[in-house]
Amino acid sequence: MSNSELKGIFESFCAFGAGNNAKPEMDNAKFNKFCKDTKVIDKKFTSTDADLIFSSTKGKGERRISYSVFAGPALDAVAKRKGISKDALLGQIVGSRGPTCSGTQAENVALHDDKSTYTGVYGKGGPTNTDLGTSDLSNITNRAPADVRGVQR
C-alpha cells in the first residue's frame with residue numbers, strides 16, 4: 001500500500017459533502033464516516049471508540065486532524081484497539097472504494113402515484129392558480145339595482 005493511495009482516500013473523505021471548499025483536514029463526523037464506510041467499525045471497534053480515538057489524537061482546542069495525524073497516531077490507535085496490525089488495517093482501508101452516499105428511496109403509494117385514482121378537483125385536472133373572470137371588480141361584484149333592504153328587483 002502506498003502513501004499516495006492512503007492520502008487519496010483521506011482527501012476523498014475530507015472532501016465528501018464539502019463542495020468546492022474542501023480542506024485536507026478531517027473532522028470527527030468525517031472520521032466516523034471513514035470508519036463506517038471502510039468497514040473498520042465492527043463488534044470490537046464501535047463508533048464510540050472512533051470518537052474517543054479522534055478526540056485523543058487531535059490537538060487540544062482543535063476540531064480537525066491533518067493527514068499526518070490521521071496516518072500516524074489515529075490509525076495506530078485504531079489498529080491497536082481492533083487488535084490487528086497496521087498493515088492489515090491499511091489493506092482493509094485501501095480495499096474500500098471511498099465515501100458512499102445512500103439516500104432513502106420512497107415506496108410507491110398507489111393513490112398518489114396513479115393519476116387515474118385521483119378524486120374530486122384533482123381528478124378533473126386540479127385547481128388553477130389563475131382565476132378566470134376576476135380581473136376587475138365588475139366580474140366580482142353585483143351592481144344590479146336593489147331596494148332599500150338590498151333585495152334585487
# chains A, B, ... in the order shown; residues from 1 in each chain; ligands from 1
>>> residues_around(residues="A:Gly125", least_positions_apart="5", cutoff="12 Å", atoms="only C-alpha atoms", output="mmCIF file with N, CA and C atoms, in the first residue's frame")
data_model
loop_
_atom_site.group_PDB
_atom_site.id
_atom_site.type_symbol
_atom_site.label_atom_id
_atom_site.label_comp_id
_atom_site.auth_asym_id
_atom_site.auth_seq_id
_atom_site.Cartn_x
_atom_site.Cartn_y
_atom_site.Cartn_z
ATOM 1 N N LYS A 115 -52.486 8.524 -11.355
ATOM 2 C CA LYS A 115 -53.393 9.665 -11.533
ATOM 3 C C LYS A 115 -54.810 9.240 -11.907
ATOM 4 N N SER A 116 -55.004 8.006 -12.318
ATOM 5 C CA SER A 116 -56.362 7.555 -12.635
ATOM 6 C C SER A 116 -57.188 7.339 -11.365
ATOM 7 N N TYR A 118 -57.190 9.523 -8.855
ATOM 8 C CA TYR A 118 -57.457 10.825 -8.233
ATOM 9 C C TYR A 118 -58.960 11.092 -8.203
ATOM 10 N N THR A 119 -59.426 11.771 -7.143
ATOM 11 C CA THR A 119 -60.844 12.077 -7.000
ATOM 12 C C THR A 119 -61.041 13.578 -6.865
ATOM 13 N N GLY A 120 -62.276 14.015 -6.972
ATOM 14 C CA GLY A 120 -62.623 15.412 -6.742
ATOM 15 C C GLY A 120 -61.995 16.342 -7.758
#
>>> residues_around(residues="A:Gly98", least_positions_apart="2", cutoff="12 Å", atoms="only C-alpha atoms", output="PyMOL selection string")
chain A and resi 5-16+30+33-39+92-96+100-101
>>> write_last_selection(atoms="C-alpha atoms", output="short mmCIF file (atom, residue, chain, number, x, y, z; two decimals), in the first residue's frame")
data_model
loop_
_atom_site.label_atom_id
_atom_site.label_comp_id
_atom_site.auth_asym_id
_atom_site.auth_seq_id
_atom_site.Cartn_x
_atom_site.Cartn_y
_atom_site.Cartn_z
CA GLU A 5 -3.29 5.76 -2.03
CA LEU A 6 -3.97 6.40 1.66
CA LYS A 7 -3.68 10.14 1.16
CA GLY A 8 -6.13 9.96 -1.75
CA ILE A 9 -8.66 8.10 0.41
CA PHE A 10 -8.12 10.60 3.24
CA GLU A 11 -8.70 13.54 0.90
CA SER A 12 -11.82 11.96 -0.62
CA PHE A 13 -13.37 11.60 2.84
CA CYS A 14 -12.33 15.16 3.72
CA ALA A 15 -13.99 16.48 0.56
CA PHE A 16 -17.21 14.48 1.00
CA LYS A 30 -15.96 12.53 8.66
CA LYS A 33 -17.92 8.14 8.25
CA PHE A 34 -14.47 6.96 7.22
CA CYS A 35 -14.59 4.20 9.85
CA LYS A 36 -18.10 3.10 8.82
CA ASP A 37 -17.57 3.19 5.04
CA THR A 38 -14.28 1.29 5.21
CA LYS A 39 -15.89 -1.35 7.46
CA GLN A 92 -8.81 -3.07 4.60
CA ILE A 93 -8.89 0.71 4.06
CA VAL A 94 -7.43 0.54 0.54
CA GLY A 95 -9.89 -2.23 -0.35
CA SER A 96 -12.75 0.20 0.17
CA THR A 100 -20.51 6.20 -0.10
CA CYS A 101 -23.76 8.10 -0.23
#
>>> residues_around(residues="A:Ser47", least_positions_apart="4", cutoff="9 Å", atoms="only C-alpha atoms", output="tab-separated table (two decimals) with all heavy atoms, in the first residue's frame")
chain	number	residue	atom	x	y	z
A	32	ASN	N	-15.72	9.40	11.61
A	32	ASN	CA	-16.69	8.34	11.86
A	32	ASN	C	-17.21	7.77	10.55
A	32	ASN	O	-17.38	6.56	10.42
A	32	ASN	CB	-17.86	8.88	12.68
A	32	ASN	CG	-17.76	8.48	14.14
A	32	ASN	OD1	-17.44	7.34	14.44
A	32	ASN	ND2	-18.01	9.41	15.01
A	35	CYS	N	-14.62	5.49	9.16
A	35	CYS	CA	-14.59	4.20	9.85
A	35	CYS	C	-15.77	3.31	9.42
A	35	CYS	O	-15.61	2.10	9.26
A	35	CYS	CB	-14.60	4.40	11.36
A	35	CYS	SG	-13.08	5.12	12.00
A	36	LYS	N	-16.94	3.89	9.23
A	36	LYS	CA	-18.10	3.10	8.82
A	36	LYS	C	-17.99	2.63	7.38
A	36	LYS	O	-18.26	1.47	7.07
A	36	LYS	CB	-19.38	3.91	8.99
A	36	LYS	CG	-19.78	4.10	10.43
A	36	LYS	CD	-21.01	4.97	10.55
A	36	LYS	CE	-21.30	5.27	12.01
A	36	LYS	NZ	-22.34	6.28	12.17
A	41	ILE	N	-15.52	-0.26	11.60
A	41	ILE	CA	-16.40	-0.43	12.76
A	41	ILE	C	-17.02	-1.83	12.72
A	41	ILE	O	-17.60	-2.24	11.72
A	41	ILE	CB	-17.49	0.67	12.77
A	41	ILE	CG1	-16.84	2.00	13.08
A	41	ILE	CG2	-18.58	0.35	13.76
A	41	ILE	CD1	-17.76	3.16	13.17
A	42	ASP	N	-16.84	-2.55	13.83
A	42	ASP	CA	-17.42	-3.88	13.99
A	42	ASP	C	-17.71	-4.10	15.46
A	42	ASP	O	-17.86	-3.13	16.21
A	42	ASP	CB	-16.47	-4.95	13.42
A	42	ASP	CG	-15.08	-4.89	14.03
A	42	ASP	OD1	-14.88	-4.18	15.04
A	42	ASP	OD2	-14.18	-5.58	13.50
A	51	ASP	N	-14.86	7.90	18.12
A	51	ASP	CA	-14.93	9.23	18.73
A	51	ASP	C	-13.81	9.44	19.73
A	51	ASP	O	-13.17	10.50	19.76
A	51	ASP	CB	-16.28	9.43	19.44
A	51	ASP	CG	-17.43	9.62	18.48
A	51	ASP	OD1	-17.18	10.03	17.33
A	51	ASP	OD2	-18.58	9.37	18.89
A	52	LEU	N	-13.57	8.44	20.57
A	52	LEU	CA	-12.53	8.57	21.59
A	52	LEU	C	-11.14	8.67	20.97
A	52	LEU	O	-10.30	9.46	21.42
A	52	LEU	CB	-12.60	7.39	22.56
A	52	LEU	CG	-13.85	7.35	23.45
A	52	LEU	CD1	-13.92	6.04	24.22
A	52	LEU	CD2	-13.86	8.53	24.39
>>> atom_distance(atom1="atom CA of A:Thr57", atom2="atom CA of A:Asn20")
26.9 Å
>>> residues_around(residues="A:Glu25", least_positions_apart="2", cutoff="8 Å", atoms="only C-alpha atoms", output="list in words")
Glu11, Cys14, Lys23, Asp27, Arg64, Ile65, Ser66 and Tyr67 of chain A
>>> write_last_selection(atoms="C-alpha atoms", output="mmCIF file, in the first residue's frame")
data_model
loop_
_atom_site.group_PDB
_atom_site.id
_atom_site.type_symbol
_atom_site.label_atom_id
_atom_site.label_comp_id
_atom_site.auth_asym_id
_atom_site.auth_seq_id
_atom_site.Cartn_x
_atom_site.Cartn_y
_atom_site.Cartn_z
ATOM 1 C CA GLU A 11 -8.703 13.543 0.905
ATOM 2 C CA CYS A 14 -12.328 15.161 3.721
ATOM 3 C CA LYS A 23 -9.731 21.395 3.010
ATOM 4 C CA ASP A 27 -13.384 16.430 11.477
ATOM 5 C CA ARG A 64 -9.859 18.696 12.810
ATOM 6 C CA ILE A 65 -6.907 16.430 12.180
ATOM 7 C CA SER A 66 -4.419 16.660 9.349
ATOM 8 C CA TYR A 67 -3.175 13.804 7.183
#
>>> atom_distance(atom1="atom CA of A:Lys86", atom2="atom CA of A:Arg63")
24.7 Å
>>> atom_distance(atom1="atom CA of A:Lys80", atom2="atom CA of A:Lys44")
10.9 Å
>>> select_by_dssp(residues="stretch 5-141 of chain A", states="alpha helix (DSSP H)", output="PyMOL selection string")
chain A and resi 5-15+28-37+47-57+67-69+75-82+86-94+110-113+120-123+137-140
